[in-house]
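Q: This is the structure I want to talk about, given as structure tokens.
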Amino acid sequence: MVYQVNDVLSRFSDLIVETKGGDASFSSIDAVDDYQSGSLIFISDAQALLALSSAIISSNSSPAVVVTSDDIASSIDNHDLCVITVKNVRFAQALIKQAYADYDSADSHWGMIHPSALIHPSARLSKGVRVGPNTVIGPDVEIGVDTHIRSNCVIEHSVMIGENCVINNLVNIGYLSVVGNRVIIRPGAIIGNEGFGFGQDQHGRYHRTPHTGIVEIGDDVQIGANCNIDRGTYGATKIAKGVKIDALCHIAHNVNIDEDALFVAQSGVAGSCNIGKRVIASGQTGMLDHRTVADDVILVHRCGVTEDVLEPGMWAGTPPRPFKEYVRNLNVGKNMGKKVAKLENELRELKKIMAA
Amino acid sequence: MVYQVNDVLSRFSDLIVETKGGDASFSSIDAVDDYQSGSLIFISDAQALLALSSAIISSNSSPAVVVTSDDIASSIDNHDLCVITVKNVRFAQALIKQAYADYDSADSHWGMIHPSALIHPSARLSKGVRVGPNTVIGPDVEIGVDTHIRSNCVIEHSVMIGENCVINNLVNIGYLSVVGNRVIIRPGAIIGNEGFGFGQDQHGRYHRTPHTGIVEIGDDVQIGANCNIDRGTYGATKIAKGVKIDALCHIAHNVNIDEDALFVAQSGVAGSCNIGKRVIASGQTGMLDHRTVADDVILVHRCGVTEDVLEPGMWAGTPPRPFKEYVRNLNVGKNMGKKVAKLENELRELKKIMAA
Amino acid sequence: MVYQVNDVLSRFSDLIVETKGGDASFSSIDAVDDYQSGSLIFISDAQALLALSSAIISSNSSPAVVVTSDDIASSIDNHDLCVITVKNVRFAQALIKQAYADYDSADSHWGMIHPSALIHPSARLSKGVRVGPNTVIGPDVEIGVDTHIRSNCVIEHSVMIGENCVINNLVNIGYLSVVGNRVIIRPGAIIGNEGFGFGQDQHGRYHRTPHTGIVEIGDDVQIGANCNIDRGTYGATKIAKGVKIDALCHIAHNVNIDEDALFVAQSGVAGSCNIGKRVIASGQTGMLDHRTVADDVILVHRCGVTEDVLEPGMWAGTPPRPFKEYVRNLNVGKNMGKKVAKLENELRELKKIMAA
């Protein structure tokens, strides 16, 4: 398939500052270290620009289109090259790649509703819904327009799924879960199973507390591969609009994650935590139950949230400390060692003087 | 469905200390922040009691029944309210919720043995066994009375599963595993695959050691979503009676977990560890191989068990230290800084005096 | 089945130094604490030898064959016992167990291609390929000789899988992935789903960047249960020949893991890391994105690779430090405490003297 730069310009005019080199055509979107003459590529920093220069020199061939930022564009002086200057290269890359180089998850080779899919007669599937082979859809499930449930999934009774979602292979969505629009659930994720809550008897044995709550997932959420999100003990575990959760994360019962928060892989959140808007939890972050993390907090270096984090900014360590303090503490041993050695020396000198 | 308090009193008389307000009926069990006039609710602490008071005032409506502890019951002075005093609110909640508000996992809309389930003719299924759609059950499997295997599972040959178990969707149980009675395995869990054991050749390459052992799971065990439990290299990986394992945990070959231990989400136990009775490992705990953890140890703050933990009580840190010592070490940098600054000052003063 | 020691000797002559006790037969390979009179057992250290002695005394019965190292063999003086001396006991155990006591994963009770498997007409399956029940194989998939895909898997379009692989139950392999020969993928693993990459708009909202790269898995690789391996943003996520990855690990987009590296359970590697040959990452290791780890590095105690690790040897801590330095730092608080207390004493004495 061949696309025209003019098509990009008209579809994404609000992202674009200016263009040099007139219209051009491109047939694929590629990385700077692997382009061909028909490639559109994104250059987001000086390092990538250097890689492009070297590649052009050694191959004596340019890509068709470069999408880059203002400061980098101004340093490109190649009149054969179509250069599109955008406000935000990474955002442009996301949208332009979605438009011209996205994978079609529809598995259209299996048709709309595969004959091996088992769909309860009381389930209501809207127009354009696809259901892959061996997927099981229980009673009273509702699925919105153009949503795609892929192969070998299990959607339990009374689940509501919005429009334009992609539920990947081998996913289980528990009964009564509510899923918004444009949600992507990656393979192997388990949504809405019972949480880890017990009553202990006089012998120290645990008896499960049935979890009668649900999971609510907002619009534009993404849940990673092999994640687990527990249903509420009562009420809901809530993943708000725009939240992105990476692979192998665990979100316990009654956690509340606010809009546009981001959890990197293998992070875990214990029960009833409140996570603010735009919080970023880097990989392998852990949170004790009932903790609060304020809006715009960034947790790094496998932060262990044993205490509330109530101020925005970057935090690390267990218990969590502002990043600068955490780094200072990391160095405390080394600095302290020097200070103490100096004191030991000075004291030795003093004693010598006094003994003299 | 409407239930009578008198039914609760007769079924759970051994949990109950006294009741006020006579018989009443309730139709659901709800949270204190979300009750209706037909609700039975549990009040386990002063905070919940406060929430109830506020809710009654603002809505001018009470729940039907409150189940609470002795000290809290004595402070409730509302004669319209049926108040049940119990010895242990959380334990009562577990059992009463199991009796009146539990989810029926039987997926009865798919019938007893779904026609799409593939069951080897040599498998022996007892009375009341249910098998969901697309589940595969291999040769010589034995399944006890009233056990329910849900959808898209794979039960390999010669597995023995006891009575009244629930094997949730998308679970794999490896050949020759032995599962007790009343066991719950949550979706996506992998039980009894080969462990991570190799022989290394002279070039540093790893060659797998076939694992000929099994997994043994005792009665009343719960295994969380997307967990992995490896079979033994020889002999068995043993999960004793009453153990509860949360989501995304890893239990390696030949680990031995004793009765009523509890592993919170994302914890990992390397090969051949011995874990005592009633051990609690909080989220993201890690254990090196061949370590021993004594009965009644509680591991918190992502404890790294690089050394044996032989005394009961609370431990944290890597290597594990008694919790008080761990907290003291956390503060050591700060305190040490103050002490050293004081020494530096004093020494400066001394020098001044001596110079004078 | 009964095997002869002479058969072992002829098949594994290059592993074997010498044998005592002539030919013998054995019918199983067992652990030293659980042998029978027909057992072949491996003794790899003095502790195992002691266990064998005790067991022989208490049961008055020997195993049939002992495979052990030179130094241990020389201390065994039992002429009834067949003793095979090998250069490397663990390596011999791996190969001999593979030859005589391995599990046949072929699920031959389900036939070669189970009728419930859904295989797209354009997929090309070589001779000896087995496909289990309910497995879905998409268009243009190629599968090499004698490879076995077990039950309830989903192999997406255009995947290439080599010869003699075992793809266990409930595995998902994403479109265009390339898998080498003799690869084992354990149950529940997700290979080749989209990575965690976004462009952020002016409101702080994340928009997914379609990942157009692939996953490439070399020969003799093993991927653990419930792992996740993301496809590249562009280009490939590469798992080289001989790499072994344990359960519940996460390997992000465009990571490059070189030959014979080993990742123990629950380790996570963020995007674009370069991991050298024979690197060992112990359980719950974490790596920030774009980090480099040199050949022959061993990461222990849940090392947090926030900085490049460029020298071989053992490393621990966050940031990573050579193991000796890490241990010294662990002790710094304690030692420093003593030093400072000594300084405080000496200063007190000095002051007394000066005051006198």
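Here's how to read the names in the structure tokens: chain A, B, ... by the order shown, residue numbers from 1 in each chain, ligand numbers from 1 in the order shown.
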Tell me the residues of chain B close to chain A, meaning within 8 Å using only C-alpha atoms, as an mmCIF file with C-alpha atoms, in the first residue's frame.

A:
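Result saved to result-v3.cif:
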```cif
data_model
loop_
_atom_site.group_PDB
_atom_site.id
_atom_site.type_symbol
_atom_site.label_atom_id
_atom_site.label_comp_id
_atom_site.auth_asym_id
_atom_site.auth_seq_id
_atom_site.Cartn_x
_atom_site.Cartn_y
_atom_site.Cartn_z
ATOM 1 C CA ASP B 30 -23.607 -5.011 51.655
ATOM 2 C CA ALA B 31 -20.824 -2.643 52.582
ATOM 3 C CA ASP B 34 -23.494 1.165 50.197
ATOM 4 C CA ASN B 88 -14.937 -12.424 65.495
ATOM 5 C CA ARG B 90 -14.228 -11.072 59.995
ATOM 6 C CA PHE B 91 -14.673 -14.790 60.552
ATOM 7 C CA ALA B 92 -18.439 -14.306 60.860
ATOM 8 C CA GLN B 93 -18.421 -12.259 57.675
ATOM 9 C CA ALA B 94 -16.607 -15.044 55.796
ATOM 10 C CA LEU B 95 -19.042 -17.749 56.894
ATOM 11 C CA LYS B 97 -21.339 -14.343 53.302
ATOM 12 C CA GLN B 98 -20.544 -17.881 52.136
ATOM 13 C CA ALA B 101 -24.162 -14.130 49.352
ATOM 14 C CA ASP B 102 -21.787 -16.456 47.580
ATOM 15 C CA TYR B 103 -21.345 -16.737 43.861
ATOM 16 C CA HIS B 109 -26.207 -22.600 32.095
ATOM 17 C CA PRO B 133 -16.953 -25.843 27.498
ATOM 18 C CA ASN B 134 -13.675 -26.645 25.698
ATOM 19 C CA SER B 151 -14.079 -23.561 30.716
ATOM 20 C CA ASN B 152 -10.987 -23.902 28.510
ATOM 21 C CA ASN B 169 -11.215 -21.083 33.600
ATOM 22 C CA LEU B 170 -7.990 -21.471 31.648
ATOM 23 C CA ARG B 186 -8.180 -19.421 40.185
ATOM 24 C CA PRO B 187 -8.080 -18.686 36.449
ATOM 25 C CA GLY B 188 -4.874 -18.953 34.473
ATOM 26 C CA ALA B 225 -4.860 -16.337 39.263
ATOM 27 C CA ASN B 226 -1.911 -16.758 36.881
ATOM 28 C CA GLY B 242 -5.315 -24.712 54.252
ATOM 29 C CA LYS B 244 -3.740 -19.727 50.524
ATOM 30 C CA ASP B 246 -2.586 -15.072 45.997
ATOM 31 C CA ALA B 247 -2.288 -14.132 42.310
ATOM 32 C CA LEU B 248 0.923 -14.260 40.253
ATOM 33 C CA ASP B 260 -2.306 -22.524 56.744
ATOM 34 C CA VAL B 264 0.286 -12.549 49.122
ATOM 35 C CA ALA B 265 0.460 -11.622 45.430
ATOM 36 C CA GLN B 266 3.640 -11.787 43.332
ATOM 37 C CA ARG B 278 0.914 -20.163 59.403
ATOM 38 C CA GLY B 283 3.264 -9.134 48.554
ATOM 39 C CA GLN B 284 6.413 -9.526 46.425
ATOM 40 C CA HIS B 301 8.053 -5.096 53.172
ATOM 41 C CA GLY B 333 21.817 6.892 58.155
ATOM 42 C CA MET B 336 24.388 8.599 62.249
ATOM 43 C CA GLY B 337 24.468 11.828 60.276
ATOM 44 C CA VAL B 340 28.782 12.618 63.235
ATOM 45 C CA LEU B 343 31.296 15.015 66.805
ATOM 46 C CA GLU B 344 32.647 17.301 64.096
ATOM 47 C CA LEU B 347 36.191 18.431 67.754
ATOM 48 C CA LYS B 351 40.793 22.439 68.542
#
```

Q: Tell me which protein, DNA and RNA residues are within 8 Å of A:Glu311, counting only C-alpha atoms, leaving out same-chain ones fewer than 5 positions away, and put them as a list in words.

A: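 Within the cut-off, the hits are Ala294, Asp295 and Val297 of chain A.
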
Q: What is the Cα root-mean-square deviation, to one decimal place in Å, for chain C superposed on chain A with all Cα atoms matched in order?

A: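 Overlaying the two chains on their C-alpha atoms yields 0.1 Å.
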
Q: Quick one, how far is atom CA of B:Ser39 from atom CA of B:Ala55?

A: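 Going from atom CA of B:Ser39 over to atom CA of B:Ala55, I get 13.2 Å.
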
Q: Could you list, as a PyMOL selection string, every residue within 8 Å of C:Ile298, counting only C-alpha atoms and ignoring same-chain residues fewer than 6 positions away?

A: chain C and resi 279-282+312-315

Q: Since we have the selection now, will you write its residues out, keeping all heavy atoms, as a PDB file, in the first residue's frame?

A:
```
ATOM      1  N   VAL C 279      24.728 -14.511  31.034  1.00  0.00           N
ATOM      2  CA  VAL C 279      24.272 -13.731  32.192  1.00  0.00           C
ATOM      3  C   VAL C 279      23.297 -14.574  32.996  1.00  0.00           C
ATOM      4  O   VAL C 279      22.478 -15.297  32.418  1.00  0.00           O
ATOM      5  CB  VAL C 279      23.598 -12.418  31.731  1.00  0.00           C
ATOM      6  CG1 VAL C 279      22.790 -11.772  32.855  1.00  0.00           C
ATOM      7  CG2 VAL C 279      24.652 -11.445  31.206  1.00  0.00           C
ATOM      8  N   ILE C 280      23.413 -14.523  34.320  1.00  0.00           N
ATOM      9  CA  ILE C 280      22.426 -15.172  35.176  1.00  0.00           C
ATOM     10  C   ILE C 280      21.719 -14.084  35.984  1.00  0.00           C
ATOM     11  O   ILE C 280      22.363 -13.313  36.692  1.00  0.00           O
ATOM     12  CB  ILE C 280      23.097 -16.177  36.140  1.00  0.00           C
ATOM     13  CG1 ILE C 280      23.759 -17.305  35.337  1.00  0.00           C
ATOM     14  CG2 ILE C 280      22.071 -16.760  37.119  1.00  0.00           C
ATOM     15  CD1 ILE C 280      24.551 -18.288  36.188  1.00  0.00           C
ATOM     16  N   ALA C 281      20.407 -14.008  35.840  1.00  0.00           N
ATOM     17  CA  ALA C 281      19.612 -13.076  36.639  1.00  0.00           C
ATOM     18  C   ALA C 281      18.814 -13.919  37.616  1.00  0.00           C
ATOM     19  O   ALA C 281      17.968 -14.723  37.205  1.00  0.00           O
ATOM     20  CB  ALA C 281      18.685 -12.259  35.754  1.00  0.00           C
ATOM     21  N   SER C 282      19.083 -13.781  38.905  1.00  0.00           N
ATOM     22  CA  SER C 282      18.349 -14.600  39.871  1.00  0.00           C
ATOM     23  C   SER C 282      16.925 -14.068  40.033  1.00  0.00           C
ATOM     24  O   SER C 282      16.545 -13.065  39.420  1.00  0.00           O
ATOM     25  CB  SER C 282      19.099 -14.661  41.195  1.00  0.00           C
ATOM     26  OG  SER C 282      19.053 -13.423  41.831  1.00  0.00           O
ATOM     27  N   PRO C 312      32.153  -8.530  34.217  1.00  0.00           N
ATOM     28  CA  PRO C 312      31.615  -9.824  34.637  1.00  0.00           C
ATOM     29  C   PRO C 312      31.777 -10.014  36.141  1.00  0.00           C
ATOM     30  O   PRO C 312      32.499  -9.267  36.799  1.00  0.00           O
ATOM     31  CB  PRO C 312      32.464 -10.830  33.869  1.00  0.00           C
ATOM     32  CG  PRO C 312      33.703 -10.106  33.480  1.00  0.00           C
ATOM     33  CD  PRO C 312      33.326  -8.660  33.343  1.00  0.00           C
ATOM     34  N   GLY C 313      31.111 -11.002  36.680  1.00  0.00           N
ATOM     35  CA  GLY C 313      31.182 -11.275  38.114  1.00  0.00           C
ATOM     36  C   GLY C 313      29.827 -11.107  38.764  1.00  0.00           C
ATOM     37  O   GLY C 313      28.828 -10.859  38.094  1.00  0.00           O
ATOM     38  N   MET C 314      29.810 -11.215  40.083  1.00  0.00           N
ATOM     39  CA  MET C 314      28.557 -11.212  40.820  1.00  0.00           C
ATOM     40  C   MET C 314      28.219  -9.797  41.287  1.00  0.00           C
ATOM     41  O   MET C 314      29.060  -9.115  41.871  1.00  0.00           O
ATOM     42  CB  MET C 314      28.676 -12.149  42.014  1.00  0.00           C
ATOM     43  CG  MET C 314      27.332 -12.598  42.547  1.00  0.00           C
ATOM     44  SD  MET C 314      27.479 -13.756  43.934  1.00  0.00           S
ATOM     45  CE  MET C 314      28.001 -15.238  43.089  1.00  0.00           C
ATOM     46  N   TRP C 315      26.998  -9.381  41.041  1.00  0.00           N
ATOM     47  CA  TRP C 315      26.531  -8.040  41.371  1.00  0.00           C
ATOM     48  C   TRP C 315      25.216  -8.133  42.154  1.00  0.00           C
ATOM     49  O   TRP C 315      24.429  -9.040  41.955  1.00  0.00           O
ATOM     50  CB  TRP C 315      26.292  -7.227  40.100  1.00  0.00           C
ATOM     51  CG  TRP C 315      27.524  -6.924  39.305  1.00  0.00           C
ATOM     52  CD1 TRP C 315      28.258  -7.814  38.568  1.00  0.00           C
ATOM     53  CD2 TRP C 315      28.165  -5.646  39.158  1.00  0.00           C
ATOM     54  NE1 TRP C 315      29.324  -7.161  37.977  1.00  0.00           N
ATOM     55  CE2 TRP C 315      29.286  -5.836  38.311  1.00  0.00           C
ATOM     56  CE3 TRP C 315      27.904  -4.361  39.650  1.00  0.00           C
ATOM     57  CZ2 TRP C 315      30.147  -4.788  37.956  1.00  0.00           C
ATOM     58  CZ3 TRP C 315      28.745  -3.316  39.292  1.00  0.00           C
ATOM     59  CH2 TRP C 315      29.866  -3.529  38.457  1.00  0.00           C
TER      60      TRP C 315
END
```

Q: Pull the strand (DSSP E or B) assignments for stretch 3-193 of chain C out of DSSP run on the backbone, and list those residues as a PyMOL selection string.

A: chain C and resi 3-4+16-20+25-26+28-30+39-43+65-68+82-86+113+118-119+124-125+130-131+136-137+142-143+148-149+154-155+160-161+166-167+172-173+178-179+184-185+190-193

Q: Grab the residues selected above and save them as a compact mmCIF listing (two decimals), in the first residue's frame with C-alpha atoms.

A:
```txt
# COMPACT_ATOMS: atom_id res chain seq x y z
CA TYR C 3 17.37 -50.61 30.97
CA GLN C 4 20.96 -51.89 30.98
CA ILE C 16 31.85 -41.27 31.67
CA VAL C 17 35.25 -41.68 33.35
CA GLU C 18 34.93 -45.26 34.56
CA THR C 19 32.52 -47.85 35.92
CA LYS C 20 32.75 -50.34 38.76
CA SER C 25 19.84 -53.21 35.04
CA PHE C 26 17.64 -50.41 36.32
CA SER C 28 13.69 -46.05 37.17
CA ILE C 29 15.73 -42.99 38.04
CA ASP C 30 15.05 -41.83 41.57
CA SER C 39 16.79 -47.46 40.88
CA LEU C 40 19.57 -45.55 39.21
CA ILE C 41 20.44 -42.57 41.40
CA PHE C 42 22.75 -39.56 41.12
CA ILE C 43 25.06 -38.57 43.99
CA VAL C 65 23.23 -48.00 39.98
CA VAL C 66 24.94 -44.92 41.39
CA VAL C 67 26.19 -42.19 39.07
CA THR C 68 28.64 -39.89 40.80
CA CYS C 82 27.29 -50.59 40.02
CA VAL C 83 29.03 -47.21 40.22
CA ILE C 84 29.40 -45.00 37.16
CA THR C 85 31.91 -42.17 37.53
CA VAL C 86 31.18 -39.12 35.38
CA ILE C 113 -4.01 -33.54 14.76
CA LEU C 118 -8.64 -25.34 14.09
CA ILE C 119 -5.91 -25.09 11.48
CA ARG C 124 2.04 -25.60 6.55
CA LEU C 125 2.62 -28.42 9.03
CA ARG C 130 1.02 -32.86 16.53
CA VAL C 131 -1.70 -30.36 17.38
CA VAL C 136 -6.09 -22.44 16.89
CA ILE C 137 -3.46 -22.07 14.15
CA GLU C 142 4.81 -22.86 9.35
CA ILE C 143 5.61 -25.64 11.81
CA HIS C 148 4.12 -30.53 19.21
CA ILE C 149 1.56 -27.83 19.93
CA VAL C 154 -3.46 -19.77 19.86
CA ILE C 155 -0.78 -19.46 17.15
CA MET C 160 7.28 -19.78 12.03
CA ILE C 161 8.10 -22.55 14.50
CA VAL C 166 7.04 -28.30 22.51
CA ILE C 167 4.49 -25.50 22.78
CA ASN C 172 -0.32 -17.58 22.66
CA ILE C 173 2.29 -16.85 19.98
CA VAL C 178 9.94 -16.72 14.66
CA VAL C 179 10.73 -19.68 16.92
CA ILE C 184 10.09 -25.37 24.85
CA ILE C 185 7.40 -22.85 25.70
CA ILE C 190 2.35 -14.99 25.93
CA ILE C 191 4.84 -14.36 23.12
CA GLY C 192 4.75 -11.41 20.74
CA ASN C 193 1.99 -9.20 22.00
```

Q: Which residues come within 10 Å of B:Val8, counting only C-alpha atoms, excluding same-chain residues fewer than 2 positions away, as a CSV table (one decimal) with N, CA, C and O atoms, in the first residue's frame?

A:
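Result file follows (out_31.csv):
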```csv
chain,number,residue,atom,x,y,z
B,3,TYR,N,-33.9,-13.6,53.5
B,3,TYR,CA,-33.4,-14.5,54.6
B,3,TYR,C,-33.9,-13.9,56.0
B,3,TYR,O,-34.0,-12.7,56.1
B,4,GLN,N,-34.0,-14.8,56.9
B,4,GLN,CA,-34.4,-14.4,58.3
B,4,GLN,C,-33.1,-14.5,59.2
B,4,GLN,O,-32.3,-15.4,59.1
B,5,VAL,N,-33.1,-13.5,60.1
B,5,VAL,CA,-32.0,-13.5,61.1
B,5,VAL,C,-32.0,-14.8,61.9
B,5,VAL,O,-31.0,-15.3,62.3
B,6,ASN,N,-33.2,-15.3,62.2
B,6,ASN,CA,-33.3,-16.5,63.0
B,6,ASN,C,-32.6,-17.7,62.3
B,6,ASN,O,-32.0,-18.5,63.0
B,10,SER,N,-29.5,-19.8,64.0
B,10,SER,CA,-29.5,-21.2,64.3
B,10,SER,C,-28.3,-21.8,63.5
B,10,SER,O,-27.7,-22.8,64.0
B,11,ARG,N,-28.0,-21.3,62.4
B,11,ARG,CA,-26.8,-21.9,61.6
B,11,ARG,C,-25.5,-21.6,62.2
B,11,ARG,O,-24.5,-22.3,62.1
B,12,PHE,N,-25.4,-20.4,62.8
B,12,PHE,CA,-24.1,-19.9,63.3
B,12,PHE,C,-24.0,-19.6,64.7
B,12,PHE,O,-23.4,-18.7,65.2
B,13,SER,N,-24.8,-20.5,65.5
B,13,SER,CA,-24.9,-20.2,66.9
B,13,SER,C,-23.6,-20.1,67.6
B,13,SER,O,-23.4,-19.4,68.6
B,16,ILE,N,-21.9,-16.7,67.6
B,16,ILE,CA,-22.7,-15.5,68.1
B,16,ILE,C,-22.7,-15.4,69.6
B,16,ILE,O,-22.9,-16.4,70.3
B,23,ASP,N,-36.1,-10.9,65.6
B,23,ASP,CA,-35.9,-11.4,64.3
B,23,ASP,C,-36.1,-10.3,63.3
B,23,ASP,O,-36.7,-9.3,63.6
B,84,ILE,N,-26.5,-8.2,65.8
B,84,ILE,CA,-25.9,-9.5,66.1
B,84,ILE,C,-24.5,-9.3,66.6
B,84,ILE,O,-23.6,-8.8,65.9
B,96,ILE,N,-20.9,-16.2,57.0
B,96,ILE,CA,-22.2,-15.7,56.7
B,96,ILE,C,-22.4,-15.3,55.2
B,96,ILE,O,-23.4,-15.6,54.6
B,99,ALA,N,-22.7,-18.3,53.2
B,99,ALA,CA,-24.0,-18.9,53.3
B,99,ALA,C,-25.1,-18.2,52.5
B,99,ALA,O,-26.0,-18.8,51.9
B,100,TYR,N,-25.0,-16.9,52.5
B,100,TYR,CA,-26.1,-16.1,52.0
B,100,TYR,C,-25.8,-15.2,50.8
B,100,TYR,O,-26.7,-14.7,50.1
```
